[in-house]
Each structure stands twice: as structure tokens, then as C-alpha cells.
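*Asks:* Dropping a structure here in C-alpha cells format, bear with me for questions.
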Amino acid sequence: NQKVVLITGCSSGIGLALAVRLAKDEKKRFMVYATMRNLRKGEALVEAAGRTLGRTLEIKQLDVCDENSIKACVDSLPERRVDILISNAGMGLIGPIECQSIDEMKAVMDTNFFGFVRLLKEILPEMKRRKQGHIVVISSVMGIQGILFNDIYAASKFAVEGFCESLAVQAMRFKLNISLIEPGPVITEFEQKVYEEGLKIDLSKADKVTADMFTNIYLKNYKQIFESLGQTPDDIAEHTLLIITMENPPFRHQTNTLYTPMTTLKYADPNGDLPIDTFYKVVFEHDKVFNASLNFLKLLRWRSRKSFSLEKDKSN
Ligand code: NAD
């Protein structure tokens, strides 16, 4: 009764950790197809997979931006069967939009959003036919709440989340599950790549206030946020394992409890001003953060009810 799992973007980070974690499952519950755009980047995965390679893990080529590559990969699977699809491949982009080209922005949408849609177009029809399947997306807390200078990245994750919310009702009719995994910062190459790209941005196209905000507030705090709040790819793999083995998996799952007060603000205020005011204060008026924290606490009551229901599901 082994479940077939297909994961995208497995040459590094969360995808790699997850593929290996599932392949090494003691009960051998998963057959993992760990896919990557460029097979020449498979060394780290091969090494981490060890003896599972050729047994519970196989590496395949799949570029989420190329329909032919997706089709070829799915065609190569026994009976084209995928029980659990994990859409993980993604890329980041930070900086003022004045300094980004539309092509750069399109690449983010094409990978993070359309990449997922292309996968589904290939895999969803068979899941529906079998009335069985779990669609899992490595989204982000930025799929719930936008963050300063992550405009395009947040938009791409919002796109994924809106898409999944729409699809979820239809999926339910076919007994399919959809789950959005929403990590906060995770210490991977992603974070490093995004930071290095950020340092290279030509800020001459932005006004002085914006350029200063990006360099002296955003970039200056970037490393510290990852160092103090960041999770490891292995943490995210454990959370994902929990979600895919639940009988009734939740639609959304945040992996970092330090972030839940922040995302809770979103749901607490239908006007949408509370998270924006709070972020403004966090960034520009540190002394007012204390009051903002009080607001957090009031809202935590709501959050604890929610996590309680998740704990209940876990213990079932
Ligand atoms: P990462 O850069 O190590 O992994 C991303 C992977 O996607 C890479 O292996 C990359 O080669 C692959 N990829 C990019 N374009 C592709 C394409 N066209 N086809 C196939 N693969 C492609 O970073 P990560 O942190 O492991 O990111 C994995 C996912 O987690 C992403 O969707 C990212 O948005 C999300 N995420 C990351 C963080 C973080 O802080 N690192 C936080 C929340 C969510």
C-alpha cells in the first residue's frame, strides 16, 4: 500500500530534505519521485538519499516551466500514478519594483504559480478518475500576508493560494485533499540567493527614500530575521510528513508558531488595516511595537483554539 509521491525542485533545500525524509520512512510508506530541472545538480540528493536510491527514491527530470518535461516525467511513472503531488519548486525576488523588469517578475509568476498549474493540468485528471490524491503546495506565510519588498513573490504565493481555495471545493467532490504548507523563513540556498540578488540591485532607478528603506531597513534586518526565526529544511520536511499522513489533512498549515500572531492579524480585521499598521510600526516605530504586541496577544486566543483542533487531529 505504498503511496507514490512526486516532488518538484529536489536538487536543494526543502525539496531535497523532504524527498530524503519520505524515502527513509521506516515503514516504507512512500515511493518518492524526486524531480529536478537539471539532473546535473543531483549530486547532493544522490548523496543524501544513500541506500534509498533505486529503492524508495528515484530521481527524474522535471522543469515546472516546461509542459513537455512535465508530461514526459508523468508518462514515465507506472500507470502515470501520483498519490501525493508536492509542488515545491519556486524562486524568490526582493526589491523595489522600480528596479525590477517585467521579465524578472514574469519568471517568478511562471515558476511559482504557472509551474504549479502546469503540474496539476497533467496530474489532476487521473486523481479525479481514481477519486484519490493529495495535492500539497509549499506556499509561504507570504501566501497569507505580504511583506515589505516582497511584492512580486507574495503575489505569486497569493496566486497559488487563491487558486487552491477555488479548486478545493471541486476537489472535495472527488475526495481529493489539498494542503498549503506555509513556512516562515527557512535557511536554504533560496534565502542566500535572494539576499545576494538583493545586494546587486541597481537602486539608481528608485528614489532616495525607497532605496534607503531597502538597504538600511530591509537588507540590514534580512539576515537577522533568518538567523533568529529561520527553520531548517528538515523541520519543513517533518511538518509536511505530518500533513500527508493525516486522515483529515488541513487546508492550511503554518510551520512556524512564531509567525502565527502575525498572520492572525490578517483574519482578525476585515478592514485589513491591522496587519498593515502593525507592520508599519514594526518597521518604522519600534517604540510602538509594544502596543502592537498587545494586539497580538488579544488575538492569540483565537489562534489557540485553531491549533487545538489541529492537535486533536494529530492524536487521532
Ligand atoms: P531552494 O532554492 O533551495 O529550492 C527551490 C528549488 O526549486 C531549487 O532546487 C530550484 O532549482 C528549483 N526550481 C526553480 N525553478 C524550477 C523549475 N522551473 N523547475 C523545477 N525546479 C525549479 O529554496 P527552498 O527554500 O527549498 O524553496 C522551496 C520552496 O519553499 C519554494 O517554493 C519557496 O517559495 C518555498 N519557501 C521558502 C522559504 C525560505 O525562506 N527558504 C520560505 C517559505 C517558502
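Residue numbers start at 1 in each chain; chains themselves are named A, B, ... in the order of the C-alpha cells; ligands are numbered from 1 in the order shown.
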Would you name the residues within 8 Å of ligand 1, counting only C-alpha atoms and all ligand atoms, and put them as a ChimeraX atom specification?
*Replies:* /A:8-16,35-38,62-66,87-92,111-112,115,137-142,153,157,182-191,193,226,230,233
*Asks:* Applying 10 Å and only C-alpha atoms, which residues near stretch 194-207 of chain A remain after dropping the ones on its own chain fewer than 6 positions away? List them as a ChimeraX atom specification.
*Replies:* /A:91-100,214-215,218-219,222-223
*Asks:* Restricting the output to C-alpha atoms, write the selected residues as a PDB file, in the first residue's frame.
*Replies:*
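Saved result, result-v6.pdb, follows:
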```pdb
ATOM      1  CA  MET A  91      12.026  31.214  -6.641  1.00  0.00           C
ATOM      2  CA  GLY A  92      12.148  34.479  -4.745  1.00  0.00           C
ATOM      3  CA  LEU A  93      12.509  38.123  -5.722  1.00  0.00           C
ATOM      4  CA  ILE A  94      13.046  41.111  -3.458  1.00  0.00           C
ATOM      5  CA  GLY A  95      13.475  44.819  -4.034  1.00  0.00           C
ATOM      6  CA  PRO A  96      11.601  47.910  -5.181  1.00  0.00           C
ATOM      7  CA  ILE A  97       9.522  47.242  -8.309  1.00  0.00           C
ATOM      8  CA  GLU A  98      11.091  50.303  -9.953  1.00  0.00           C
ATOM      9  CA  CYS A  99      14.284  48.260 -10.135  1.00  0.00           C
ATOM     10  CA  GLN A 100      12.749  45.040 -11.451  1.00  0.00           C
ATOM     11  CA  PHE A 214      15.503  48.780   1.090  1.00  0.00           C
ATOM     12  CA  THR A 215      19.202  48.964   2.001  1.00  0.00           C
ATOM     13  CA  TYR A 218      15.104  45.610   4.750  1.00  0.00           C
ATOM     14  CA  LEU A 219      18.512  44.198   3.790  1.00  0.00           C
ATOM     15  CA  TYR A 222      17.209  40.250   6.474  1.00  0.00           C
ATOM     16  CA  LYS A 223      19.999  38.024   7.806  1.00  0.00           C
TER      17      LYS A 223
END
```
*Asks:* Env of A:Leu57: 6 Å cut, atoms = only C-alpha atoms, seq-sep filter 5 positions within chain, self excluded. Answer as a PDB file with C-alpha atoms, in the first residue's frame.
*Replies:*
```pdb
ATOM      1  CA  ALA A  23      12.287   7.858   1.137  1.00  0.00           C
ATOM      2  CA  VAL A  32       9.352   9.022  -3.961  1.00  0.00           C
ATOM      3  CA  TYR A  33       9.930  10.502  -7.406  1.00  0.00           C
ATOM      4  CA  THR A  52      17.188   4.520  -0.691  1.00  0.00           C
TER       5      THR A  52
END
```
*Asks:* Check the DSSP output for the backbone and give back, as an MDAnalysis selection string, the residues of stretch 41-270 of chain A in alpha helix (DSSP H).
*Replies:* chainID A and resid 43:49 67:75 102:109 115:130 151:173 189:200 208:212 220:229 233:244 260:268
*Asks:* So that I have them on file, write out the residues from the current selection with C-alpha atoms, as an mmCIF file, in the first residue's frame.
*Replies:*
```cif
data_model
loop_
_atom_site.group_PDB
_atom_site.id
_atom_site.type_symbol
_atom_site.label_atom_id
_atom_site.label_comp_id
_atom_site.auth_asym_id
_atom_site.auth_seq_id
_atom_site.Cartn_x
_atom_site.Cartn_y
_atom_site.Cartn_z
ATOM 1 C CA GLU A 43 24.796 15.163 -6.533
ATOM 2 C CA ALA A 44 23.629 16.414 -3.129
ATOM 3 C CA LEU A 45 20.390 14.454 -3.412
ATOM 4 C CA VAL A 46 22.186 11.273 -4.510
ATOM 5 C CA GLU A 47 24.480 11.554 -1.534
ATOM 6 C CA ALA A 48 21.698 12.282 0.977
ATOM 7 C CA ALA A 49 19.439 9.556 -0.445
ATOM 8 C CA GLU A 67 4.942 21.339 -20.248
ATOM 9 C CA ASN A 68 6.770 18.692 -22.314
ATOM 10 C CA SER A 69 9.139 17.955 -19.477
ATOM 11 C CA ILE A 70 6.235 17.532 -17.034
ATOM 12 C CA LYS A 71 4.372 15.233 -19.415
ATOM 13 C CA ALA A 72 7.467 13.111 -20.114
ATOM 14 C CA CYS A 73 8.072 12.722 -16.391
ATOM 15 C CA VAL A 74 4.488 11.726 -15.554
ATOM 16 C CA ASP A 75 4.340 9.374 -18.604
ATOM 17 C CA ILE A 102 8.604 42.793 -16.088
ATOM 18 C CA ASP A 103 10.537 39.779 -17.401
ATOM 19 C CA GLU A 104 12.044 39.141 -13.962
ATOM 20 C CA MET A 105 8.586 39.387 -12.420
ATOM 21 C CA LYS A 106 7.109 37.052 -15.045
ATOM 22 C CA ALA A 107 9.787 34.440 -14.276
ATOM 23 C CA VAL A 108 8.619 34.376 -10.644
ATOM 24 C CA MET A 109 4.959 34.024 -11.602
ATOM 25 C CA GLY A 115 4.584 25.945 -12.623
ATOM 26 C CA PHE A 116 2.086 24.526 -10.175
ATOM 27 C CA VAL A 117 -0.831 24.948 -12.598
ATOM 28 C CA ARG A 118 1.075 23.076 -15.343
ATOM 29 C CA LEU A 119 1.722 20.189 -12.956
ATOM 30 C CA LEU A 120 -1.912 19.986 -11.982
ATOM 31 C CA LYS A 121 -3.129 20.023 -15.575
ATOM 32 C CA GLU A 122 -1.100 16.859 -16.100
ATOM 33 C CA ILE A 123 -1.898 15.103 -12.821
ATOM 34 C CA LEU A 124 -5.368 16.248 -11.696
ATOM 35 C CA PRO A 125 -7.463 14.380 -14.323
ATOM 36 C CA GLU A 126 -6.117 10.990 -13.172
ATOM 37 C CA MET A 127 -6.503 11.884 -9.499
ATOM 38 C CA LYS A 128 -10.130 12.748 -10.199
ATOM 39 C CA ARG A 129 -10.669 9.500 -12.096
ATOM 40 C CA ARG A 130 -9.277 7.459 -9.207
ATOM 41 C CA ASP A 151 5.618 42.406 -3.660
ATOM 42 C CA ILE A 152 6.009 40.022 -6.592
ATOM 43 C CA TYR A 153 6.938 36.959 -4.550
ATOM 44 C CA ALA A 154 3.954 37.480 -2.237
ATOM 45 C CA ALA A 155 1.732 37.994 -5.296
ATOM 46 C CA SER A 156 2.915 34.649 -6.704
ATOM 47 C CA LYS A 157 2.122 32.840 -3.435
ATOM 48 C CA PHE A 158 -1.247 34.627 -3.112
ATOM 49 C CA ALA A 159 -1.979 33.442 -6.657
ATOM 50 C CA VAL A 160 -1.271 29.849 -5.627
ATOM 51 C CA GLU A 161 -3.422 30.186 -2.502
ATOM 52 C CA GLY A 162 -6.359 31.779 -4.341
ATOM 53 C CA PHE A 163 -6.148 29.090 -6.983
ATOM 54 C CA CYS A 164 -6.186 26.344 -4.329
ATOM 55 C CA GLU A 165 -9.094 27.909 -2.441
ATOM 56 C CA SER A 166 -11.080 27.886 -5.670
ATOM 57 C CA LEU A 167 -10.097 24.340 -6.550
ATOM 58 C CA ALA A 168 -10.666 22.963 -3.046
ATOM 59 C CA VAL A 169 -14.454 22.761 -3.338
ATOM 60 C CA GLN A 170 -14.281 20.920 -6.631
ATOM 61 C CA ALA A 171 -11.553 18.644 -5.247
ATOM 62 C CA MET A 172 -13.749 17.731 -2.296
ATOM 63 C CA ARG A 173 -16.339 16.387 -4.717
ATOM 64 C CA GLU A 189 20.071 28.400 -0.716
ATOM 65 C CA PHE A 190 16.886 30.271 -1.584
ATOM 66 C CA GLU A 191 17.394 32.768 1.174
ATOM 67 C CA GLN A 192 21.079 33.162 0.269
ATOM 68 C CA LYS A 193 20.337 33.552 -3.472
ATOM 69 C CA VAL A 194 17.597 36.100 -2.829
ATOM 70 C CA TYR A 195 19.843 38.096 -0.493
ATOM 71 C CA GLU A 196 22.763 38.124 -2.937
ATOM 72 C CA GLU A 197 20.473 39.225 -5.768
ATOM 73 C CA GLY A 198 19.166 41.935 -3.446
ATOM 74 C CA LEU A 199 22.679 43.261 -2.864
ATOM 75 C CA LYS A 200 23.245 43.501 -6.635
ATOM 76 C CA LYS A 208 16.259 58.017 -2.294
ATOM 77 C CA VAL A 209 13.668 57.218 0.398
ATOM 78 C CA THR A 210 12.820 53.870 -1.219
ATOM 79 C CA ALA A 211 16.461 52.957 -1.840
ATOM 80 C CA ASP A 212 17.327 53.824 1.739
ATOM 81 C CA LYS A 220 20.033 45.148 7.119
ATOM 82 C CA ASN A 221 17.483 43.050 9.019
ATOM 83 C CA TYR A 222 17.209 40.250 6.474
ATOM 84 C CA LYS A 223 19.999 38.024 7.806
ATOM 85 C CA GLN A 224 18.959 38.571 11.395
ATOM 86 C CA ILE A 225 15.364 37.541 10.686
ATOM 87 C CA PHE A 226 16.532 34.293 9.098
ATOM 88 C CA GLU A 227 19.036 33.645 11.883
ATOM 89 C CA SER A 228 16.571 34.262 14.709
ATOM 90 C CA LEU A 229 13.337 32.876 13.240
ATOM 91 C CA PRO A 233 14.531 22.287 5.587
ATOM 92 C CA ASP A 234 14.338 19.199 7.823
ATOM 93 C CA ASP A 235 11.772 20.980 10.033
ATOM 94 C CA ILE A 236 9.615 21.684 6.988
ATOM 95 C CA ALA A 237 10.011 18.057 5.868
ATOM 96 C CA GLU A 238 8.728 16.844 9.267
ATOM 97 C CA HIS A 239 5.721 19.181 9.091
ATOM 98 C CA THR A 240 4.942 18.007 5.568
ATOM 99 C CA LEU A 241 5.214 14.351 6.616
ATOM 100 C CA LEU A 242 2.722 15.059 9.398
ATOM 101 C CA ILE A 243 0.277 16.654 6.963
ATOM 102 C CA ILE A 244 0.455 13.919 4.303
ATOM 103 C CA THR A 260 1.163 32.799 13.692
ATOM 104 C CA PRO A 261 0.444 36.001 15.669
ATOM 105 C CA MET A 262 1.404 37.981 12.565
ATOM 106 C CA THR A 263 -0.740 36.030 10.158
ATOM 107 C CA THR A 264 -3.585 36.019 12.680
ATOM 108 C CA LEU A 265 -3.841 39.814 12.331
ATOM 109 C CA LYS A 266 -4.990 39.246 8.797
ATOM 110 C CA TYR A 267 -8.030 37.280 9.829
ATOM 111 C CA ALA A 268 -8.794 39.451 12.840
#
```
*Asks:* What is the atom CA of A:Asn256-atom CA of A:Gly133 distance in Å, reported with one decimal?
*Replies:*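 Distance between the two atoms: 25.9 Å.
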